[in-house]
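Next up, model-v4.cif (mmCIF, C-alpha atoms):
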data_final
#
loop_
_atom_site.label_atom_id
_atom_site.label_comp_id
_atom_site.auth_asym_id
_atom_site.auth_seq_id
_atom_site.Cartn_x
_atom_site.Cartn_y
_atom_site.Cartn_z
CA MET A 941 103.02 85.38 163.16
CA ASN A 942 105.27 84.63 160.18
CA LYS A 943 106.97 81.45 159.07
CA LEU A 944 109.67 82.06 156.42
CA LYS A 945 111.23 79.34 154.30
CA ALA A 946 114.02 79.49 151.70
CA VAL A 947 115.48 76.88 149.37
CA VAL A 948 118.11 76.54 146.66
CA HIS A 949 117.85 73.76 144.06
CA TYR A 950 120.49 72.71 141.52
CA ARG A 951 120.09 70.12 138.78
CA PHE A 952 122.59 68.96 136.15
CA ASP A 953 121.37 66.99 133.13
CA ALA A 954 123.75 65.08 130.84
CA HIS A 955 123.03 63.15 127.65
CA VAL A 956 125.58 61.06 125.73
CA GLU A 957 124.68 59.76 122.29
CA GLY A 958 126.46 57.28 120.01
CA ASP A 959 125.21 55.62 116.81
CA PHE A 960 126.09 52.16 115.45
CA ASN A 961 125.78 52.32 111.65
CA TYR A 962 124.84 49.58 109.18
CA ASP A 963 124.72 49.63 105.37
CA ALA A 964 121.77 48.61 103.18
CA ASN A 965 122.84 44.96 103.40
CA GLY A 966 122.86 44.97 107.19
CA ASN A 967 126.64 44.99 107.53
CA PHE A 968 128.20 46.99 110.32
CA SER A 969 129.88 50.11 108.91
CA GLY A 970 131.23 51.86 111.99
CA VAL A 971 130.38 54.03 114.97
CA SER A 972 129.54 57.72 114.70
CA PRO A 973 131.45 60.18 116.92
CA THR A 974 129.97 60.49 120.40
CA LYS A 975 127.78 63.55 121.00
CA LYS A 976 127.29 65.13 124.41
CA LEU A 977 124.55 67.45 125.67
CA ASN A 978 124.73 69.13 129.08
CA GLU A 979 122.57 71.69 130.89
CA GLN A 980 122.23 73.07 134.39
CA ASN A 981 119.26 74.51 136.26
CA TRP A 982 119.27 76.77 139.33
CA SER A 983 116.29 77.70 141.47
CA PHE A 984 116.30 80.24 144.32
CA ALA A 985 112.99 80.41 146.18
CA GLY A 986 111.40 81.89 149.28
CA GLU A 987 107.98 81.41 150.90
CA ASN A 988 106.28 83.15 153.82
CA THR A 989 103.19 82.06 155.75
CA PHE A 990 101.46 84.88 157.60
CA HIS A 991 99.15 83.70 160.41
CA ALA A 992 96.65 86.57 160.21
CA THR A 993 94.30 84.99 162.76
CA ARG A 994 93.87 81.70 164.52
CA TYR A 995 91.90 80.43 161.54
CA LEU A 996 93.30 82.31 158.54
CA ASP A 997 96.73 82.02 156.86
CA PHE A 998 98.14 83.86 153.85
CA VAL A 999 100.96 82.23 151.89
CA THR A 1000 103.17 84.11 149.42
CA GLY A 1001 106.17 82.89 147.51
CA ILE A 1002 108.61 83.87 144.78
CA SER A 1003 111.40 82.09 142.92
CA TYR A 1004 114.08 82.90 140.37
CA GLU A 1005 114.86 80.14 137.87
CA ILE A 1006 117.91 79.82 135.58
CA ASN A 1007 118.27 77.35 132.71
CA ASP A 1008 121.67 77.20 130.99
CA VAL A 1009 122.66 74.81 128.17
CA LEU A 1010 126.41 74.20 128.61
CA ARG A 1011 127.14 71.89 125.68
CA ALA A 1012 125.33 70.71 122.55
CA ASP A 1013 127.59 68.81 120.13
CA GLY A 1014 126.47 68.91 116.51
CA ASN A 1015 124.51 72.14 116.95
CA SER A 1016 125.70 75.43 115.43
CA ASP A 1017 123.13 77.72 117.12
CA PRO A 1018 124.05 79.74 120.23
CA LEU A 1019 123.58 77.78 123.45
CA PRO A 1020 120.36 78.96 125.16
CA GLU A 1021 120.47 80.63 128.56
CA ARG A 1022 117.14 81.72 130.06
CA ASP A 1023 115.98 83.06 133.39
CA GLU A 1024 112.44 83.57 134.68
CA TRP A 1025 110.59 84.69 137.82
CA ASN A 1026 107.77 82.62 139.37
CA TRP A 1027 105.30 83.63 142.08
CA GLN A 1028 102.40 82.27 144.10
CA GLY A 1029 99.79 83.44 146.60
CA ALA A 1030 97.21 81.56 148.68
CA ALA A 1031 94.64 82.01 151.42
CA ILE A 1032 93.83 79.09 153.76
CA TYR A 1033 90.87 79.17 156.14
CA SER A 1034 90.52 76.51 158.85
CA TYR A 1035 86.80 76.22 159.58
CA SER A 1036 87.30 73.35 162.05
CA ARG A 1037 90.12 71.38 163.70
CA THR A 1038 90.41 69.16 160.61
CA GLY A 1039 88.67 71.11 157.82
CA LYS A 1040 90.30 73.69 155.56
CA VAL A 1041 89.31 75.73 152.50
CA HIS A 1042 91.98 77.20 150.25
CA ALA A 1043 92.20 79.48 147.23
CA ASP A 1044 95.46 80.08 145.39
CA VAL A 1045 96.92 81.59 142.25
CA SER A 1046 100.41 81.07 140.83
CA SER A 1047 102.50 81.76 137.75
CA ARG A 1048 105.15 79.17 136.92
CA THR A 1049 107.65 78.51 134.13
CA ARG A 1050 108.66 75.22 132.53
CA PHE A 1051 111.88 75.36 130.55
CA PRO A 1052 112.25 73.13 127.47
CA THR A 1053 114.35 70.04 128.14
CA LEU A 1054 117.35 68.81 126.16
CA PHE A 1055 114.93 66.33 124.57
CA ASP A 1056 112.58 69.13 123.48
CA ARG A 1057 115.42 71.18 122.01
CA TYR A 1058 117.77 68.68 120.41
CA SER A 1059 116.19 65.25 119.92
CA THR A 1060 115.62 64.44 116.24
CA ARG A 1061 113.24 61.54 117.07
CA PHE A 1062 115.34 59.17 114.91
CA GLY A 1063 115.54 61.67 112.06
CA THR A 1064 111.87 62.70 111.99
CA LYS A 1065 112.30 66.11 113.70
CA ALA A 1066 114.43 69.18 113.22
CA GLN A 1067 116.23 70.57 116.26
CA ASN A 1068 114.74 73.69 117.86
CA PRO A 1069 117.23 75.03 120.45
CA GLY A 1070 115.54 78.43 120.66
CA ILE A 1071 112.05 77.27 121.64
CA ASN A 1072 110.56 79.52 124.34
CA PRO A 1073 109.87 78.35 127.89
CA GLU A 1074 106.28 77.54 128.82
CA ARG A 1075 104.38 79.62 131.39
CA ALA A 1076 101.21 78.61 133.21
CA THR A 1077 99.05 80.88 135.37
CA ASN A 1078 97.10 78.58 137.70
CA TYR A 1079 93.94 79.19 139.73
CA GLU A 1080 92.58 76.70 142.28
CA ILE A 1081 89.89 76.50 144.95
CA GLY A 1082 89.68 73.46 147.19
CA VAL A 1083 88.51 71.97 150.48
CA SER A 1084 89.78 69.14 152.70
CA ASP A 1085 88.50 67.51 155.86
CA THR A 1086 88.73 64.34 157.94
CA LEU A 1087 85.68 62.15 158.54
CA PHE A 1088 85.25 59.44 161.18
CA LYS A 1089 88.80 60.23 162.44
CA ALA A 1090 90.27 57.96 159.76
CA VAL A 1091 89.16 59.13 156.31
CA LYS A 1092 90.69 62.28 154.82
CA LEU A 1093 88.90 63.74 151.79
CA SER A 1094 90.06 66.61 149.59
CA SER A 1095 88.72 68.15 146.40
CA ALA A 1096 89.64 71.06 144.16
CA VAL A 1097 88.66 72.77 140.94
CA PHE A 1098 91.41 74.34 138.86
CA TYR A 1099 92.04 76.42 135.75
CA SER A 1100 95.39 77.00 134.02
CA ASP A 1101 96.08 79.63 131.38
CA LEU A 1102 99.03 78.50 129.23
CA ASP A 1103 101.37 80.80 127.30
CA ASN A 1104 103.90 79.30 124.89
CA SER A 1105 103.05 75.73 125.89
CA ILE A 1106 105.53 73.25 124.39
CA GLN A 1107 103.71 71.03 121.87
CA ASN A 1108 104.41 68.44 119.17
CA ALA A 1109 102.99 68.97 115.67
CA TYR A 1110 102.96 66.40 112.86
CA THR A 1111 103.33 67.97 109.42
CA ALA A 1112 102.61 64.89 107.29
CA PRO A 1113 99.01 63.77 106.58
CA SER A 1114 99.79 60.36 108.06
CA GLY A 1115 100.82 62.05 111.29
CA SER A 1116 104.08 60.14 111.50
CA ASN A 1117 106.69 61.69 109.19
CA SER A 1118 107.92 65.10 110.32
CA ILE A 1119 107.64 66.42 113.87
CA VAL A 1120 107.93 70.07 114.80
CA ILE A 1121 108.24 71.37 118.36
CA TYR A 1122 106.46 74.70 118.68
CA ASN A 1123 104.91 77.10 121.19
CA ALA A 1124 101.11 77.45 121.45
CA ASP A 1125 98.71 79.18 123.83
CA GLY A 1126 95.83 77.34 125.47
CA HIS A 1127 94.26 76.36 128.78
CA ASN A 1128 93.58 73.39 131.05
CA TYR A 1129 90.76 73.01 133.54
CA GLY A 1130 89.28 70.23 135.60
CA PHE A 1131 88.36 68.77 138.98
CA GLU A 1132 90.26 66.61 141.46
CA LEU A 1133 89.03 64.39 144.27
CA SER A 1134 91.22 62.31 146.59
CA ALA A 1135 90.66 60.09 149.63
CA ASP A 1136 92.96 58.46 152.19
CA TRP A 1137 91.78 55.88 154.71
CA ASP A 1138 93.90 54.88 157.71
CA VAL A 1139 92.72 51.29 157.94
CA MET A 1140 94.95 50.47 160.90
CA ARG A 1141 98.20 51.57 162.40
CA GLY A 1142 100.83 51.36 159.65
CA LEU A 1143 98.34 50.85 156.78
CA ARG A 1144 96.80 53.58 154.63
CA ILE A 1145 94.74 53.15 151.44
CA GLY A 1146 94.16 56.05 149.09
CA GLY A 1147 93.07 57.07 145.62
CA LYS A 1148 92.68 60.12 143.40
CA LEU A 1149 90.26 61.06 140.61
CA HIS A 1150 91.28 63.71 138.03
CA VAL A 1151 88.49 64.96 135.71
CA PRO A 1152 88.34 65.42 132.75
CA PRO A 1153 91.14 66.78 132.22
CA ALA A 1154 90.15 69.27 129.54
CA GLN A 1155 92.51 71.33 127.45
CA SER A 1156 92.55 73.43 124.30
#

Output the structure of this file as structure tokens.
Amino acid sequence: MNKLKAVVHYRFDAHVEGDFNYDANGNFSGVSPTKKLNEQNWSFAGENTFHATRYLDFVTGISYEINDVLRADGNSDPLPERDEWNWQGAAIYSYSRTGKVHADVSSRTRFPTLFDRYSTRFGTKAQNPGINPERATNYEIGVSDTLFKAVKLSSAVFYSDLDNSIQNAYTAPSGSNSIVIYNADGHNYGFELSADWDVMRGLRIGGKLHVPPAQS
């Protein structure tokens, strides 16, 4: 009655930066010392599907995420190391051999990237190594079914509550001088519709509509 899955993910990101310098007359004046930025990400996750009845499944999952900046040349702040828990839950009801209705809720973290933390955008932004990770609590209800044995349709409505979303802000009136990376709360909501048509053996045509999306 239970199907248990587990996974471990590892990702290593590396950035190497070097500048070629020129004076006011356009003459080459040398190469700046090379800067290196490195970070690693670990993810340990588990998911269980409980087949409550022939038609009803419950899915639960949890993960532990670690983000560790290993090197950041040219930065005097402490190297960030963050860890977060994520979770999800869903109910899936099969009302026919091909039709399903689902409802799910999840809470997920997005860590800031090396670009978010350390990029100066060609001198227009100050570094912000300590920016907080972004968390989204997501709610979704959807339905999918197959028509005429060849056309699969699916649709869903969703709402996401965002805490500490990672945003760009422009401090100059022109909107192009100084950029600040900051955390802000908000929400996204919208509607999705997708279709896949198996035209013949070996050929499938599909498309997806995402509306609006709205956010604030």

- Selection under test: the PyMOL selection byres ((chain A and resi 1060) around 12); residues as a ChimeraX atom specification: /A:957,1014-1015,1054-1059,1061-1069,1117-1121

How would the residues just picked look written out with C-alpha atoms as a PDB file, in the frame of the given file?
ATOM      1  CA  GLU A 957     124.680  59.760 122.290  1.00  0.00           C
ATOM      2  CA  GLY A1014     126.470  68.910 116.510  1.00  0.00           C
ATOM      3  CA  ASN A1015     124.510  72.140 116.950  1.00  0.00           C
ATOM      4  CA  LEU A1054     117.350  68.810 126.160  1.00  0.00           C
ATOM      5  CA  PHE A1055     114.930  66.330 124.570  1.00  0.00           C
ATOM      6  CA  ASP A1056     112.580  69.130 123.480  1.00  0.00           C
ATOM      7  CA  ARG A1057     115.420  71.180 122.010  1.00  0.00           C
ATOM      8  CA  TYR A1058     117.770  68.680 120.410  1.00  0.00           C
ATOM      9  CA  SER A1059     116.190  65.250 119.920  1.00  0.00           C
ATOM     10  CA  ARG A1061     113.240  61.540 117.070  1.00  0.00           C
ATOM     11  CA  PHE A1062     115.340  59.170 114.910  1.00  0.00           C
ATOM     12  CA  GLY A1063     115.540  61.670 112.060  1.00  0.00           C
ATOM     13  CA  THR A1064     111.870  62.700 111.990  1.00  0.00           C
ATOM     14  CA  LYS A1065     112.300  66.110 113.700  1.00  0.00           C
ATOM     15  CA  ALA A1066     114.430  69.180 113.220  1.00  0.00           C
ATOM     16  CA  GLN A1067     116.230  70.570 116.260  1.00  0.00           C
ATOM     17  CA  ASN A1068     114.740  73.690 117.860  1.00  0.00           C
ATOM     18  CA  PRO A1069     117.230  75.030 120.450  1.00  0.00           C
ATOM     19  CA  ASN A1117     106.690  61.690 109.190  1.00  0.00           C
ATOM     20  CA  SER A1118     107.920  65.100 110.320  1.00  0.00           C
ATOM     21  CA  ILE A1119     107.640  66.420 113.870  1.00  0.00           C
ATOM     22  CA  VAL A1120     107.930  70.070 114.800  1.00  0.00           C
ATOM     23  CA  ILE A1121     108.240  71.370 118.360  1.00  0.00           C
TER      24      ILE A1121
END

Translate the PyMOL selection byres ((chain A and resi 1020-1029) around 7) into a concrete residue list for this structure, as a ChimeraX atom specification. /A:999-1009,1018-1019,1030,1044-1049,1069-1070

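Going from atom CA of Gly1082 of chain A to atom CA of Lys1148 of chain A covers 14.2 Å.
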
For the file shown, what are the residues hit by the PyMOL selection byres ((chain A and resi 989-995) around 9), laid out as a PyMOL selection string?
chain A and resi 941-945+987-988+996-1001+1032-1036

File of the preceding selection, C-alpha atoms, as an mmCIF file, in the coordinates of the input:
data_model
loop_
_atom_site.group_PDB
_atom_site.id
_atom_site.type_symbol
_atom_site.label_atom_id
_atom_site.label_comp_id
_atom_site.auth_asym_id
_atom_site.auth_seq_id
_atom_site.Cartn_x
_atom_site.Cartn_y
_atom_site.Cartn_z
ATOM 1 C CA MET A 941 103.020 85.380 163.160
ATOM 2 C CA ASN A 942 105.270 84.630 160.180
ATOM 3 C CA LYS A 943 106.970 81.450 159.070
ATOM 4 C CA LEU A 944 109.670 82.060 156.420
ATOM 5 C CA LYS A 945 111.230 79.340 154.300
ATOM 6 C CA GLU A 987 107.980 81.410 150.900
ATOM 7 C CA ASN A 988 106.280 83.150 153.820
ATOM 8 C CA LEU A 996 93.300 82.310 158.540
ATOM 9 C CA ASP A 997 96.730 82.020 156.860
ATOM 10 C CA PHE A 998 98.140 83.860 153.850
ATOM 11 C CA VAL A 999 100.960 82.230 151.890
ATOM 12 C CA THR A 1000 103.170 84.110 149.420
ATOM 13 C CA GLY A 1001 106.170 82.890 147.510
ATOM 14 C CA ILE A 1032 93.830 79.090 153.760
ATOM 15 C CA TYR A 1033 90.870 79.170 156.140
ATOM 16 C CA SER A 1034 90.520 76.510 158.850
ATOM 17 C CA TYR A 1035 86.800 76.220 159.580
ATOM 18 C CA SER A 1036 87.300 73.350 162.050
#

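You can rank A:Phe1131, A:Tyr1122, A:Tyr962, A:Phe1088 by their closest distance to Ser1100 of chain A using only C-alpha atoms, and at the top of that list sits A:Phe1131.
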
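If you look at atom CA of Phe952 of chain A and atom CA of Phe984 of chain A, they are 15.3 Å away from each other.
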
ask   = Could you list as a PyMOL selection string every residue that has an atom within 9 Å of (130.9, 57.3, 112.9), using the file's coordinates and counting all atoms listed in the file?
value = chain A and resi 958-961+969-974

With 5 Å on each side, where is the centre of the axis-aligned box around all listed atoms of segment 972-979 of chain A, and how long are its edges in Å to one decimal, as AutoDock Vina command-line options?
--center_x 127.0 --center_y 64.7 --center_z 122.8 --size_x 18.9 --size_y 24.0 --size_z 26.2

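The protein and nucleic acid residues lying at most 10 Å from segment 1105-1107 of chain A are A:Thr1049, A:Arg1050, A:Phe1051, A:Pro1052, A:Asp1056, A:Ile1071, A:Asn1072, A:Pro1073, A:Glu1074, A:Arg1075, A:Ala1076, A:Asp1101, A:Val1120, A:Ile1121, A:Tyr1122, A:Asn1123, A:Ala1124, A:Asp1125, A:Gly1126, A:His1127, with all atoms listed in the file considered and sequence neighbours fewer than 4 positions away removed.
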
Compile the contact shell of Asn1128 of chain A as a list in words: residues with an atom at most 12 Å away, counting all atoms listed in the file, same-chain residues fewer than 3 positions apart removed. Ala1076, Thr1077, Asn1078, Tyr1079, Glu1080, Val1097, Phe1098, Tyr1099, Ser1100, Asp1101, Leu1102, Asp1103, Ser1105, Asp1125, Phe1131, Val1151, Pro1152, Pro1153, Ala1154, Gln1155 and Ser1156 of chain A

The distance between atom CA of Ser1134 of chain A and atom CA of Ser1094 of chain A is 5.4 Å

One residue among A:Ser1095, A:Ser1016, A:Asn1108, A:Thr1053 is nearest to Gln980 of chain A when using only C-alpha atoms, and that residue is A:Thr1053

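Distances from A:Ile1145, A:Val956, A:Ala1109, A:Ala1043 to Ser1084 of chain A were compared using only C-alpha atoms, and the smallest one belongs to A:Ala1043.
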
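Comparing A:Val1091, A:Tyr1110, A:Gly1147, A:Ala1096 by their smallest distance to Gly1130 of chain A, the closest is A:Ala1096 (using all atoms listed in the file).
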
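Shortest atom-to-atom contact with Asn981 of chain A among A:Asn1104, A:Tyr950, A:Leu1010, A:His955: A:Tyr950, counting all atoms listed in the file.
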
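Among A:Gly986, A:Gly1039, A:Gly966, A:Gly1142, the residue with the shortest atom-to-atom distance to Val1083 of chain A, counting only C-alpha atoms, is A:Gly1039.
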
Which polymer residues have any atom within 6 Å of an atom of Asn978 of chain A, counting only C-alpha atoms, with same-chain residues fewer than 2 positions away left out, as a ChimeraX atom specification? /A:953-954,1010-1011
